[in-house]
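Working notes, beginning with the structure itself.
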Number of protein chains: 2
Amino acid sequence: MSIIVLGTVALDTVKTPYGKRNGMLGGSAVHFSMSARMFTEVHLVAIVGKDFPAKHVEFLKRKGIILDSLIRSQGKTFQWSGEYRGDLNCALTRKTELGVLLEFCPRVEPGQSNIKNVFLANVDPDLQMKFLECLRRPRLVGLDSMNYWISNKRKSLLKLFKRVDIFVANDREARDLSGENNLVRAAKALRKLGPGMVLIKKGEHGVLFYCDKFIFSLPAYPVDTVIDPTGAGDTFAGGFMGYLSNQKRLDEKSIKNAVAFGTIAASFNIEAFGTEKTAGLSLGALRSRLAGFKKMVVF
Amino acid sequence: MSIIVLGTVALDTVKTPYGKRNGMLGGSAVHFSMSARMFTEVHLVAIVGKDFPAKHVEFLKRKGIILDSLIRSQGKTFQWSGEYRGDLNCALTRKTELGVLLEFCPRVEPGQSNIKNVFLANVDPDLQMKFLECLRRPRLVGLDSMNYWISNKRKSLLKLFKRVDIFVANDREARDLSGENNLVRAAKALRKLGPGMVLIKKGEHGVLFYCDKFIFSLPAYPVDTVIDPTGAGDTFAGGFMGYLSNQKRLDEKSIKNAVAFGTIAASFNIEAFGTEKTAGLSLGALRSRLAGFKKMVVF
């Protein structure tokens with residue numbers, strides 16, 4: 001079954017110890033799509049400006065991403081500029097130019113309102129709610145957010161929590177939002193806020209999944225040359241949600257596999273700048289690395 | 001087969017958000033022994049002062065630890081005082097009184113020099129080397145150290161590296177010693193210094209094992225109430241080395257199981273102050289939690 005993702009399409013400028021890229025294609029919805037497209041049909045909902053290169057639109061189309069609800073506006077495309085130093089776990093944001101994001105009012109085409117799987121990538125929670133209300137009866141809704149909204153739109157976020165199935169957060173966000181330092185406690189506290197499933201991403205340390213029935217924990221796939229971690233979290237979410245979108249049952253087995261596929265997708269993402277690696281990725285390559293990974297974690 | 005551990009026996013004063021203990025039994029050799037004893041006979045080599053309570057000696061004996069090479073000296077027992085705040089991953093050291101450690105010259109009884117399994121817990125690398133030279137033909141030698149020695153006795157430590165099979169380090173030490181931020185690269189660099197096996201402990205994030213033939217990675221067992229993490233690393237090493245001491249073959253299977261047992265032993269250690277939990281622990285309890293853990297990481 002298809003999935004629809006609300007998020008950002010951005011022009012990213014990224015500097016890491018391995019080089020620099022200026023204004024490359026990025027954004028949460030793009031990274032999510034590059035990963036989820038390997039499992040299912042992906043509909044992307046976002047906004048770009050008139051400066052957005054036609055080649056990026058062509059590229060996304062070529063990758064099979066449905067762009068019916070990609071708004072093209074008169075302003076400037078959202079731009080993010082960041083740098084990673086020795087510790088590639090944490091980006092130093094150099095510049096954020098919201099541009100057309102400030103006027104973003106997401107909409108879906110009539111045919112899209114029946115899509116059953118939804119991912120609300122990180123944008124203003126009020127927009128996420130508005131978008132969610134455009135959809136008729138989703139069966140699986142995932143939500144991502146960021147510290148900025150946790151601090152500045154906590155109420156909206158908490159309202160949204162009652163409406164989603166899965167909350168995906170990084171460890172710092174999970175701690176801030178729950179007020180718990182211990183991640184198991186943080187996951188339990190977040191679950192109490194609404195979402196039946198909580199996924200805490202820990203960057204190079206892997207991921208912790210929590211629901212009432214079971215806990216699942218995986219280390220990251222060991223990558224020895226991390227080129228650019230931008231978008232790793234969205235790539236993870238794309239693999240996770242993409243895999244689940246295609247599963248009849250959302251049970252322990254399918255959820256564990258989804259976490260594993262998300263982990264592997266993210267491990268490819270960080271091996272190159274932007275979408276340079278994930279753009280050429282196939283399900284076969286994912287499966288092959290997954291088999292090796294299994295050996296590294298199973299005892 | 002037996003194992004012999006060189007390390008410290010200490011009187012620890014520890015404060016955490018869950019309470020405080022004054023002058024409780026601690027030290028690397030003690031935590032290691034409490035864990036390794038579940039798998040094999042443990043010989044402890046350390047020094048204590050005349051202030052060391054007889055009840056602690058009785059306790060260790062009752063737990064089956066062989067104390068033939070525990071030196072009782074006239075000075076004061078090594079004391080460590082530390083505090084853990086919100087983030088229980090990192091201790092703030094309040095006071096360290098080396099006491100009798102300053103005059104420590106480890107020795108083994110004649111019968112002990114044939115022991116085949118050895119763990120050199122964190123003490124001065126010159127003492128570790130001296131001790132290692134007392135042993136005839138060990139088949140498996142594990143080594144732990146700390147940042148202080150990495151900075152101040154690097155040469156001695158590097159010499160020791162040529163003589164050991166397994167180097168156990170926490171993530172910060174591995175990064176400092178190798179000069180590599182990426183932990184897979186750090187492990188590879190440490191392996192090149194001598195030890196065929198490298199184990200990087202990441203606290204709440206689990207552990208990464210590296211050798212030429214395979215990589216193995218496990219998350220930590222999820223504990224939602226961490227009372228006192230003191231000694232978790234030594235407890236891990238005790239489970240890991242203790243399990244391997246009893247295995248005929250040091251192959252992929254036994255090493256993975258050893259890492260898993262170390263992980264589980266450490267998870268019990270942090271659930272109470274000092275040795276309060278590990279002292280009463282049995283192999284049955286370890287096995288039972290291990291079975292649950294397996295479900296949390298296998299997909």
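Residues are referred to by chain and number: the chain letter is A, B, ... according to the order shown in the structure tokens, the number counts from 1 in that chain, and ligands are numbered separately from 1 in the order shown.
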
Select from chain A every residue with an atom at most 10 Å from any atom of chain B, then for each give the shortest pair of atoms and their distance in Å to one decimal, using only C-alpha atoms, rows by chain and rising number, as CSV.
```
residue,atom,partner,partner_atom,distance
A:Gly86,CA,B:Asn181,CA,6.5
A:Asp87,CA,B:Asn181,CA,6.3
A:Leu88,CA,B:Asn181,CA,8.4
A:Asn89,CA,B:Asn182,CA,9.9
A:Glu180,CA,B:Gly86,CA,8.9
A:Asn181,CA,B:Asp87,CA,6.3
A:Asn182,CA,B:Asp224,CA,6.4
A:Leu183,CA,B:Asp224,CA,7.5
A:Val184,CA,B:Asp224,CA,5.2
A:Arg185,CA,B:Asp224,CA,5.6
A:Ala186,CA,B:Asp224,CA,9.0
A:Ala187,CA,B:Asp224,CA,9.9
A:Lys188,CA,B:Asp224,CA,9.4
A:Lys202,CA,B:His205,CA,8.5
A:Glu204,CA,B:Asn182,CA,9.0
A:His205,CA,B:His205,CA,5.8
A:Gly206,CA,B:Pro219,CA,7.8
A:Val207,CA,B:Pro219,CA,8.7
A:Leu208,CA,B:Pro222,CA,8.9
A:Phe209,CA,B:Met296,CA,9.3
A:Phe214,CA,B:Met296,CA,7.6
A:Ile215,CA,B:Met296,CA,5.8
A:Phe216,CA,B:Met296,CA,4.4
A:Ser217,CA,B:Val297,CA,5.5
A:Leu218,CA,B:Val297,CA,6.0
A:Pro219,CA,B:Pro219,CA,5.4
A:Ala220,CA,B:Ser217,CA,8.4
A:Tyr221,CA,B:Ser217,CA,8.5
A:Pro222,CA,B:Val184,CA,6.4
A:Val223,CA,B:Val184,CA,6.9
A:Asp224,CA,B:Val184,CA,5.3
A:Thr225,CA,B:Asn182,CA,7.6
A:Val226,CA,B:Asn182,CA,7.9
A:Glu252,CA,B:Phe299,CA,9.1
A:Lys253,CA,B:Phe299,CA,7.0
A:Ser254,CA,B:Phe299,CA,9.0
A:Ile255,CA,B:Phe299,CA,9.1
A:Lys256,CA,B:Phe299,CA,5.6
A:Asn257,CA,B:Phe299,CA,6.1
A:Ala258,CA,B:Phe299,CA,9.5
A:Val259,CA,B:Phe299,CA,9.1
A:Ala260,CA,B:Phe299,CA,7.6
A:Phe293,CA,B:Phe216,CA,9.0
A:Lys294,CA,B:Phe299,CA,7.9
A:Lys295,CA,B:Phe216,CA,7.8
A:Met296,CA,B:Phe216,CA,4.4
A:Val297,CA,B:Ser217,CA,5.5
A:Val298,CA,B:Val298,CA,5.9
A:Phe299,CA,B:Lys256,CA,5.6
```

I'd like the contact shell of Gly26 (chain B) - 10 Å cut-off, only C-alpha atoms, skipping same-chain residues fewer than 2 positions apart - returned as a ChimeraX atom specification. /B:8-13,23-24,28-32,56,78-80,230-231,273-275

So that I can check the surroundings of Asp51 (chain A), please list as a PyMOL selection string every protein, DNA and RNA residue that reaches within 9 Å of it, counting only C-alpha atoms and ignoring chain neighbours fewer than 4 positions away. chain A and resi 74-77

Residues as selected, C-alpha atoms, written as a short mmCIF file (atom, residue, chain, number, x, y, z; two decimals), in the first residue's frame, can you do that?
```cif
data_model
loop_
_atom_site.label_atom_id
_atom_site.label_comp_id
_atom_site.auth_asym_id
_atom_site.auth_seq_id
_atom_site.Cartn_x
_atom_site.Cartn_y
_atom_site.Cartn_z
CA GLN A 74 7.09 32.18 -5.94
CA GLY A 75 9.43 32.53 -2.97
CA LYS A 76 12.77 30.91 -2.22
CA THR A 77 13.17 27.21 -1.51
#
```

At a cut-off of 6 Å, using only C-alpha atoms, what residues contact Ser2 (chain A)? Leave out same-chain residues fewer than 4 positions from it and give the result as an MDAnalysis selection string. chainID A and resid 40:42

Using the selection just defined, write its residues with all heavy atoms as a PDB file, in the first residue's frame.
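And here's result-v1.pdb as it stands now:
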```pdb
ATOM      1  N   THR A  40       7.550   0.738  -1.455  1.00  0.00           N
ATOM      2  CA  THR A  40       6.168   1.051  -1.839  1.00  0.00           C
ATOM      3  C   THR A  40       6.112   2.364  -2.623  1.00  0.00           C
ATOM      4  O   THR A  40       7.103   3.064  -2.771  1.00  0.00           O
ATOM      5  CB  THR A  40       5.299   1.138  -0.557  1.00  0.00           C
ATOM      6  OG1 THR A  40       3.935   1.201  -0.929  1.00  0.00           O
ATOM      7  CG2 THR A  40       5.653   2.357   0.268  1.00  0.00           C
ATOM      8  N   GLU A  41       4.932   2.682  -3.114  1.00  0.00           N
ATOM      9  CA  GLU A  41       4.733   3.944  -3.844  1.00  0.00           C
ATOM     10  C   GLU A  41       4.684   5.094  -2.833  1.00  0.00           C
ATOM     11  O   GLU A  41       3.950   5.032  -1.843  1.00  0.00           O
ATOM     12  CB  GLU A  41       3.402   3.863  -4.600  1.00  0.00           C
ATOM     13  CG  GLU A  41       3.145   5.043  -5.512  1.00  0.00           C
ATOM     14  CD  GLU A  41       1.779   4.933  -6.174  1.00  0.00           C
ATOM     15  OE1 GLU A  41       0.764   5.087  -5.448  1.00  0.00           O
ATOM     16  OE2 GLU A  41       1.725   4.666  -7.383  1.00  0.00           O
ATOM     17  N   VAL A  42       5.448   6.145  -3.130  1.00  0.00           N
ATOM     18  CA  VAL A  42       5.545   7.258  -2.172  1.00  0.00           C
ATOM     19  C   VAL A  42       4.969   8.537  -2.776  1.00  0.00           C
ATOM     20  O   VAL A  42       5.360   8.952  -3.867  1.00  0.00           O
ATOM     21  CB  VAL A  42       7.018   7.519  -1.785  1.00  0.00           C
ATOM     22  CG1 VAL A  42       7.104   8.663  -0.775  1.00  0.00           C
ATOM     23  CG2 VAL A  42       7.667   6.259  -1.220  1.00  0.00           C
TER      24      VAL A  42
END
```

Applying 6 Å and only C-alpha atoms, which residues near Ala169 (chain A) remain after dropping the ones on its own chain fewer than 2 positions away? List them as a ChimeraX atom specification. /A:173-174,200

Give me a file of those residues, with all heavy atoms, as an mmCIF file, in the first residue's frame.
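Final file, part-v7.cif:
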```
data_model
loop_
_atom_site.group_PDB
_atom_site.id
_atom_site.type_symbol
_atom_site.label_atom_id
_atom_site.label_comp_id
_atom_site.auth_asym_id
_atom_site.auth_seq_id
_atom_site.Cartn_x
_atom_site.Cartn_y
_atom_site.Cartn_z
ATOM 1 N N GLU A 173 15.642 14.573 21.894
ATOM 2 C CA GLU A 173 14.238 14.992 21.857
ATOM 3 C C GLU A 173 13.406 14.154 22.828
ATOM 4 O O GLU A 173 12.549 14.679 23.544
ATOM 5 C CB GLU A 173 13.690 14.821 20.437
ATOM 6 C CG GLU A 173 14.293 15.781 19.419
ATOM 7 C CD GLU A 173 14.193 15.293 17.982
ATOM 8 O OE1 GLU A 173 13.590 14.210 17.738
ATOM 9 O OE2 GLU A 173 14.737 15.975 17.104
ATOM 10 N N ALA A 174 13.666 12.854 22.845
ATOM 11 C CA ALA A 174 12.899 11.960 23.730
ATOM 12 C C ALA A 174 13.112 12.347 25.191
ATOM 13 O O ALA A 174 12.175 12.366 25.992
ATOM 14 C CB ALA A 174 13.325 10.512 23.501
ATOM 15 N N ILE A 200 13.039 5.430 19.429
ATOM 16 C CA ILE A 200 14.066 6.415 19.775
ATOM 17 C C ILE A 200 15.333 6.114 18.977
ATOM 18 O O ILE A 200 15.927 5.047 19.099
ATOM 19 C CB ILE A 200 14.344 6.423 21.287
ATOM 20 C CG1 ILE A 200 13.056 6.749 22.046
ATOM 21 C CG2 ILE A 200 15.433 7.450 21.622
ATOM 22 C CD1 ILE A 200 13.188 6.755 23.552
#
```

Between A:Gly142, A:Gly7, A:Gly49, A:Gly82, which one has atoms that come closest to Pro229 (chain A), using only C-alpha atoms?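 Closest residue, counting only C-alpha atoms: A:Gly82.
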
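By only C-alpha atoms, and with residues fewer than 2 positions from Gly19 (chain A) along its chain excluded, the set lying at most 10 Å from it is Val14, Lys15, Thr16, Pro17, Arg21, Ile227, Asp228 and Phe273 of chain A.
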
Written selection (N, CA and C atoms) as a PDB file, in the first residue's frame:
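As written to disk, result_15.pdb reads:
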```pdb
ATOM      1  N   VAL A  14      26.255  21.457   2.936  1.00  0.00           N
ATOM      2  CA  VAL A  14      26.786  20.633   4.024  1.00  0.00           C
ATOM      3  C   VAL A  14      28.300  20.526   3.918  1.00  0.00           C
ATOM      4  N   LYS A  15      28.948  20.731   5.075  1.00  0.00           N
ATOM      5  CA  LYS A  15      30.396  20.579   5.131  1.00  0.00           C
ATOM      6  C   LYS A  15      30.715  19.505   6.168  1.00  0.00           C
ATOM      7  N   THR A  16      31.518  18.539   5.792  1.00  0.00           N
ATOM      8  CA  THR A  16      31.954  17.508   6.738  1.00  0.00           C
ATOM      9  C   THR A  16      33.462  17.333   6.538  1.00  0.00           C
ATOM     10  N   PRO A  17      34.120  16.531   7.405  1.00  0.00           N
ATOM     11  CA  PRO A  17      35.563  16.330   7.190  1.00  0.00           C
ATOM     12  C   PRO A  17      35.868  15.735   5.812  1.00  0.00           C
ATOM     13  N   ARG A  21      29.233  20.209  -0.044  1.00  0.00           N
ATOM     14  CA  ARG A  21      28.292  20.273  -1.150  1.00  0.00           C
ATOM     15  C   ARG A  21      27.474  21.549  -0.990  1.00  0.00           C
ATOM     16  N   ILE A 227      30.397   9.776   5.843  1.00  0.00           N
ATOM     17  CA  ILE A 227      30.676  10.948   4.999  1.00  0.00           C
ATOM     18  C   ILE A 227      29.764  12.118   5.357  1.00  0.00           C
ATOM     19  N   ASP A 228      28.477  11.834   5.507  1.00  0.00           N
ATOM     20  CA  ASP A 228      27.505  12.907   5.771  1.00  0.00           C
ATOM     21  C   ASP A 228      26.253  12.303   6.400  1.00  0.00           C
ATOM     22  N   PHE A 273      27.273  11.985   0.531  1.00  0.00           N
ATOM     23  CA  PHE A 273      26.561  13.242   0.727  1.00  0.00           C
ATOM     24  C   PHE A 273      25.118  13.113   0.243  1.00  0.00           C
TER      25      PHE A 273
END
```

Which of region 53-201 of chain B counts as helix (DSSP H, G or I) under DSSP, as a ChimeraX atom specification please? /B:54-62,99-103,110-114,125-132,147-152,154-161,171-178,183-192

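Atom pair CA of Ser156 (chain A) / CA of Ser178 (chain A): separated by 15.5 Å.
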
Please identify all polymer residues within 7 Å of Val48 (chain A), counting only C-alpha atoms, omitting same-chain residues fewer than 2 positions from it, and present them as a PyMOL selection string. chain A and resi 9+46+50+52+71-73+77+100

Please produce an output containing N, CA and C atoms for each residue in the selection, written as a PDB file, in the first residue's frame.
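After the write, result21.pdb holds the following:
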```
ATOM      1  N   VAL A   9      11.270  19.865   1.428  1.00  0.00           N
ATOM      2  CA  VAL A   9      12.205  19.662   0.321  1.00  0.00           C
ATOM      3  C   VAL A   9      13.143  20.852   0.416  1.00  0.00           C
ATOM      4  N   ALA A  46       4.992  18.712  -0.077  1.00  0.00           N
ATOM      5  CA  ALA A  46       5.957  19.706   0.396  1.00  0.00           C
ATOM      6  C   ALA A  46       5.820  20.962  -0.452  1.00  0.00           C
ATOM      7  N   LYS A  50      10.574  29.110  -6.534  1.00  0.00           N
ATOM      8  CA  LYS A  50      10.776  29.176  -7.996  1.00  0.00           C
ATOM      9  C   LYS A  50      12.244  28.938  -8.360  1.00  0.00           C
ATOM     10  N   PHE A  52      13.862  26.440  -7.330  1.00  0.00           N
ATOM     11  CA  PHE A  52      14.116  25.002  -7.198  1.00  0.00           C
ATOM     12  C   PHE A  52      14.438  24.409  -8.571  1.00  0.00           C
ATOM     13  N   ILE A  71       3.981  21.623  -3.909  1.00  0.00           N
ATOM     14  CA  ILE A  71       3.590  22.988  -4.292  1.00  0.00           C
ATOM     15  C   ILE A  71       4.810  23.763  -4.798  1.00  0.00           C
ATOM     16  N   ARG A  72       4.656  24.442  -5.928  1.00  0.00           N
ATOM     17  CA  ARG A  72       5.729  25.319  -6.422  1.00  0.00           C
ATOM     18  C   ARG A  72       5.265  26.751  -6.219  1.00  0.00           C
ATOM     19  N   SER A  73       6.020  27.464  -5.414  1.00  0.00           N
ATOM     20  CA  SER A  73       5.607  28.809  -5.038  1.00  0.00           C
ATOM     21  C   SER A  73       6.583  29.850  -5.596  1.00  0.00           C
ATOM     22  N   THR A  77      13.207  28.548  -2.101  1.00  0.00           N
ATOM     23  CA  THR A  77      13.172  27.211  -1.506  1.00  0.00           C
ATOM     24  C   THR A  77      13.862  27.226  -0.126  1.00  0.00           C
ATOM     25  N   VAL A 100       9.920  29.686   1.436  1.00  0.00           N
ATOM     26  CA  VAL A 100       8.520  29.311   1.169  1.00  0.00           C
ATOM     27  C   VAL A 100       7.882  28.479   2.277  1.00  0.00           C
TER      28      VAL A 100
END
```

To one decimal place in Å, what is the distance between CA of Ala285 (chain A) and CA of Gly239 (chain A)?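 Between CA of Ala285 (chain A) and CA of Gly239 (chain A) the gap is 13.0 Å.
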
Just give me the gap between CA of Ile47 (chain A) and CA of Ser81 (chain A) in Å, one decimal is fine.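 Between CA of Ile47 (chain A) and CA of Ser81 (chain A) the gap is 18.2 Å.
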
As an NGL selection string, please: every residue in region 33-225 of chain A that DSSP puts in strand (DSSP E or B). :A and (42-48 or 66-72 or 79-83 or 92-97 or 117-120 or 140-144 or 166-170 or 197-201 or 207-211 or 215-218)

Using only C-alpha atoms, which residue out of B:Leu127, B:Leu199, B:Ile3, B:Arg85 lies closest to Asn114 (chain B)?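 Checking each candidate against Asn114 (chain B), we get B:Ile3 as the closest.
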